[in-house]
Every structure is written in C-alpha cells, then in structure tokens.
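Data first, discussion second: the structure below is written as structure tokens.
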Amino acid sequence: MSSAMYERMRANPKFQELVARRGRFAWTLAIIVLTMFYGFVMVVAFNPTALGQPVSEGSRVTVGVALELGMFIFFWVLTAVYVKRANTEFDALNQEIVREAWKEEK
C-alpha cells in the first residue's frame, strides 16, 4: 500500500471512530483490571488476615485463594470479551476503512 492510501485511511472519519471506540473500550477494561488487581494487593497489604480465613468451616481453601482464582477467571473472561468485540465490531469497521481506501485509489 502506498503512503497516500495510508493517509486516506487516517483521514477517513470511520478511522477516527474506530480509534476512539477501541481506545475507550481498551481503557475501560484496563481500569477494571487495574482496580481489581490493585484492590486485591491493597487488601493483602492492609488486611491479610481476611484473606487467610477458610472459605467454609474445615476447608483448606482460603478466601484469598478463592478470590484470586475468581479474579484470574474474570480476567480471562474480559480477554475473551475484548477478542470477540475486536474480531466482530472493530474488524468490520477496519475492513470498511480499507475497502473505501482501495475504492478511492482506483
């Protein structure tokens, strides 16, 4: 592709929309992940005994282990949500932008 085609793609309003939507979505997910992760770290730092409690009477699994496992699974789910949205909505918009740039070049 030529640099002129790249410039046409960057100038396309749909490209600006794609960048804005993808950026907002990525930042939203990043804030969720960072809040959960650092919240967990803060609990470890300031109230470690709460995480050391067993999940139920006689259980060897602690609240901290269960919480961290839940966070791990939740982070995988967030990754899957991002991949699904990227592969559908963002890729479709990206293909439209490329298609329009090719039309203009011909």
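Convention: chains lettered A, B, ... in structure tokens order; per-chain residue numbering from 1; ligands numbered from 1 as shown.
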
* as a ChimeraX atom specification, please: all residues of chain A that backbone DSSP puts in helix (DSSP H, G or I). => /A:3-11,13-46,48-51,63-105

Extract, using only C-alpha atoms, all DNA, RNA and protein residues at most 12 Å from Phe72 of chain A, discarding same-chain residues fewer than 5 positions from it, and format them as a compact mmCIF listing (two decimals) with C-alpha atoms, in the first residue's frame.
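This is the output file part09.txt:
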# COMPACT_ATOMS: atom_id res chain seq x y z
CA VAL A 33 -8.37 -4.92 35.66
CA MET A 36 -9.37 -5.24 40.82
CA PHE A 37 -5.68 -6.16 40.87
CA PHE A 40 -6.52 -7.15 45.90
CA VAL A 65 -7.02 -18.24 47.09
CA ALA A 66 -10.69 -18.34 46.05
CA LEU A 67 -10.72 -14.61 45.36
CA VAL A 77 -13.42 -13.60 30.51
CA LEU A 78 -12.54 -9.93 29.95
CA THR A 79 -9.90 -11.02 27.44

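A straight line drawn from atom CA of Asn87 of chain A to atom CA of Ala11 of chain A is 22.9 Å long.
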
* Which polymer residues have any atom within 12 Å of an atom of Gln16 of chain A, counting only C-alpha atoms, with same-chain residues fewer than 6 positions away left out, as a count of residues only? -> 8

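Here atom CA of Leu29 of chain A stands at a distance of 18.4 Å from atom CA of Asp91 of chain A.
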